[in-house]
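Visitor: Following this line is work23.pdb, made up of PDB, C-alpha atoms:
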```pdb
ATOM      1  CA  PRO Y 297     116.449 137.271  85.952  1.00  0.00           C
ATOM      2  CA  ASN Y 298     115.288 140.759  85.114  1.00  0.00           C
ATOM      3  CA  PRO Y 299     114.592 142.672  88.362  1.00  0.00           C
ATOM      4  CA  VAL Y 300     111.734 144.565  86.690  1.00  0.00           C
ATOM      5  CA  PHE Y 301     109.752 141.313  86.843  1.00  0.00           C
ATOM      6  CA  SER Y 302     110.622 140.529  90.465  1.00  0.00           C
ATOM      7  CA  PRO Y 303     108.131 140.407  93.343  1.00  0.00           C
ATOM      8  CA  ALA Y 304     110.011 143.287  94.982  1.00  0.00           C
ATOM      9  CA  TYR Y 305     109.601 145.482  91.927  1.00  0.00           C
ATOM     10  CA  ASP Y 306     105.928 144.510  91.738  1.00  0.00           C
ATOM     11  CA  ARG Y 307     105.482 145.851  95.269  1.00  0.00           C
ATOM     12  CA  ALA Y 308     107.261 149.111  94.435  1.00  0.00           C
ATOM     13  CA  ARG Y 309     105.135 149.595  91.329  1.00  0.00           C
ATOM     14  CA  ALA Y 310     101.974 148.904  93.329  1.00  0.00           C
ATOM     15  CA  VAL Y 311     102.859 151.735  95.722  1.00  0.00           C
ATOM     16  CA  LEU Y 312     103.336 154.142  92.805  1.00  0.00           C
ATOM     17  CA  LEU Y 313     100.113 153.029  91.147  1.00  0.00           C
ATOM     18  CA  ARG Y 314      98.141 153.539  94.382  1.00  0.00           C
ATOM     19  CA  ALA Y 315      99.698 156.979  94.820  1.00  0.00           C
ATOM     20  CA  ARG Y 316      98.745 157.974  91.275  1.00  0.00           C
ATOM     21  CA  ARG Y 317      95.176 156.763  91.674  1.00  0.00           C
ATOM     22  CA  ARG Y 318      94.789 158.511  95.033  1.00  0.00           C
ATOM     23  CA  SER Y 319      96.068 161.733  93.495  1.00  0.00           C
ATOM     24  CA  GLY Y 320      93.256 161.590  90.947  1.00  0.00           C
ATOM     25  CA  LEU Y 321      95.680 161.854  88.026  1.00  0.00           C
ATOM     26  CA  SER Y 322      95.393 159.685  84.959  1.00  0.00           C
ATOM     27  CA  GLN Y 323      98.457 158.109  83.384  1.00  0.00           C
ATOM     28  CA  ARG Y 324      98.196 160.750  80.691  1.00  0.00           C
ATOM     29  CA  ASP Y 325      98.077 163.586  83.250  1.00  0.00           C
ATOM     30  CA  LEU Y 326     101.107 162.211  85.084  1.00  0.00           C
ATOM     31  CA  ALA Y 327     103.059 161.719  81.884  1.00  0.00           C
ATOM     32  CA  ARG Y 328     102.246 165.237  80.715  1.00  0.00           C
ATOM     33  CA  ALA Y 329     103.354 166.736  84.036  1.00  0.00           C
ATOM     34  CA  LEU Y 330     106.613 164.771  83.806  1.00  0.00           C
ATOM     35  CA  GLY Y 331     107.187 165.862  80.210  1.00  0.00           C
ATOM     36  CA  LYS Y 332     107.008 162.263  79.014  1.00  0.00           C
ATOM     37  CA  ALA Y 333     104.889 160.295  76.577  1.00  0.00           C
ATOM     38  CA  ASN Y 334     101.853 158.505  78.004  1.00  0.00           C
ATOM     39  CA  SER Y 335     103.492 155.192  77.114  1.00  0.00           C
ATOM     40  CA  HIS Y 336     106.334 156.022  79.526  1.00  0.00           C
ATOM     41  CA  VAL Y 337     104.025 155.878  82.558  1.00  0.00           C
ATOM     42  CA  THR Y 338     102.090 152.938  81.124  1.00  0.00           C
ATOM     43  CA  ARG Y 339     105.278 150.890  80.770  1.00  0.00           C
ATOM     44  CA  ILE Y 340     106.316 151.706  84.335  1.00  0.00           C
ATOM     45  CA  GLU Y 341     102.940 150.660  85.737  1.00  0.00           C
ATOM     46  CA  ARG Y 342     102.884 147.457  83.678  1.00  0.00           C
ATOM     47  CA  GLY Y 343     106.349 146.486  84.838  1.00  0.00           C
ATOM     48  CA  GLN Y 344     107.925 146.897  81.427  1.00  0.00           C
ATOM     49  CA  ARG Y 345     110.213 149.743  82.427  1.00  0.00           C
ATOM     50  CA  ARG Y 346     112.345 150.553  85.431  1.00  0.00           C
ATOM     51  CA  ILE Y 347     112.129 153.821  87.268  1.00  0.00           C
ATOM     52  CA  ASP Y 348     115.245 155.540  88.565  1.00  0.00           C
ATOM     53  CA  LEU Y 349     115.531 157.653  91.697  1.00  0.00           C
ATOM     54  CA  ILE Y 350     115.299 160.962  89.869  1.00  0.00           C
ATOM     55  CA  GLU Y 351     112.102 159.832  88.124  1.00  0.00           C
ATOM     56  CA  PHE Y 352     110.726 158.542  91.422  1.00  0.00           C
ATOM     57  CA  HIS Y 353     111.370 161.919  93.031  1.00  0.00           C
ATOM     58  CA  ALA Y 354     109.702 163.777  90.149  1.00  0.00           C
ATOM     59  CA  MET Y 355     106.716 161.420  90.158  1.00  0.00           C
ATOM     60  CA  ALA Y 356     106.238 161.822  93.907  1.00  0.00           C
ATOM     61  CA  GLN Y 357     106.222 165.593  93.595  1.00  0.00           C
ATOM     62  CA  VAL Y 358     103.745 165.572  90.711  1.00  0.00           C
ATOM     63  CA  LEU Y 359     101.525 163.237  92.737  1.00  0.00           C
ATOM     64  CA  GLY Y 360     101.610 165.709  95.618  1.00  0.00           C
ATOM     65  CA  ARG Y 361     103.570 163.337  97.831  1.00  0.00           C
ATOM     66  CA  ASP Y 362     106.749 163.802  99.808  1.00  0.00           C
ATOM     67  CA  PRO Y 363     109.324 161.592  98.051  1.00  0.00           C
ATOM     68  CA  VAL Y 364     110.774 160.355 101.355  1.00  0.00           C
ATOM     69  CA  GLU Y 365     107.365 159.376 102.705  1.00  0.00           C
ATOM     70  CA  LEU Y 366     106.452 157.646  99.455  1.00  0.00           C
ATOM     71  CA  PHE Y 367     109.721 155.731  99.468  1.00  0.00           C
ATOM     72  CA  SER Y 368     109.020 154.746 103.074  1.00  0.00           C
ATOM     73  CA  GLU Y 369     105.859 153.061 101.785  1.00  0.00           C
ATOM     74  CA  VAL Y 370     107.945 151.199  99.212  1.00  0.00           C
ATOM     75  CA  ALA Y 371     110.453 150.161 101.898  1.00  0.00           C
ATOM     76  CA  ALA Y 372     107.642 148.915 104.158  1.00  0.00           C
ATOM     77  CA  GLU Y 373     106.264 146.796 101.304  1.00  0.00           C
ATOM     78  CA  LEU Y 374     109.712 145.329 100.669  1.00  0.00           C
ATOM     79  CA  LEU Y 375     110.120 144.474 104.353  1.00  0.00           C
ATOM     80  CA  ARG Y 376     106.727 142.733 104.331  1.00  0.00           C
ATOM     81  CA  LEU Y 377     107.807 140.774 101.284  1.00  0.00           C
ATOM     82  CA  GLU Y 378     111.049 139.714 102.968  1.00  0.00           C
ATOM     83  CA  ALA Y 379     109.154 138.645 106.095  1.00  0.00           C
ATOM     84  CA  ALA Y 380     106.576 136.620 104.164  1.00  0.00           C
ATOM     85  CA  PRO Y 381     106.969 132.860 104.514  1.00  0.00           C
ATOM     86  CA  THR Y 382     108.419 131.191 101.442  1.00  0.00           C
ATOM     87  CA  GLU Y 383     106.867 128.099  99.969  1.00  0.00           C
TER
END
```
The structure in this file should be written as structure tokens.
Guide:
Amino acid sequence: PNPVFSPAYDRARAVLLRARRRSGLSQRDLARALGKANSHVTRIERGQRRIDLIEFHAMAQVLGRDPVELFSEVAAELLRLEAAPTE
């Protein structure tokens, strides 16, 4: 299975989406600041595209977040997912 469509990746994307919304930036603003097309950010947020570590770092900085702290939020979400009871 494609990991982009996994529950873990959904959690990671949710953290990035929340961070973007809290920053007050639109997808277009974020894409422009990253030097990417608007569709680039849209595909990431829709789960149609992976994000690598270098992109994550750049996105965190544009969003005004410390990349380590933002990744800590992702890691916490992944730990919650792992601890969730399976059905």
Visitor: Do you know which residues the PyMOL selection byres ((chain Y and resi 304-316) around 8) returns on this file, as number ranges by chain?
Guide: Y: 299-303, 317-323, 326, 340-341, 343, 359, 366, 369-370, 373-374, 377
Visitor: Using Å and a single decimal, report how far atom CA of Y:Phe352 sits from atom CA of Y:Val337.
Guide: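 Distance between the two atoms: 11.4 Å.
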Visitor: Between atom CA of Y:Asn334 and atom CA of Y:Ala371, what is the distance in Å, rounded to a tenth?
Guide: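 Those two atoms sit 26.7 Å apart.
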Visitor: Of the candidates Y:Arg346, Y:Thr382, Y:Val358, Y:Leu375, which shows the shortest atom-to-atom distance to Y:Gly331, using all atoms listed in the file?
Guide: Y:Val358
Visitor: Could you tell me which of Y:Ile350, Y:Pro381, Y:Gln344, Y:Met355 comes closest to Y:Ala327 if we count all atoms listed in the file?
Guide: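 That would be Y:Met355, the residue with the smallest distance to Y:Ala327.
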Visitor: Work out how far atom CA of Y:Val364 is from atom CA of Y:Lys332, in Å to one decimal.
Guide: 22.7 Å
Visitor: Edge lengths and centre, in Å to one decimal, as JSON: that's what I need for the box along x, y and z that holds all listed atoms of stretch 343-354 of chain Y plus 6 Å on each side.
Guide:
```
{"center_x": 110.9, "center_y": 155.1, "center_z": 87.2, "size_x": 21.2, "size_y": 29.3, "size_z": 23.6}
```
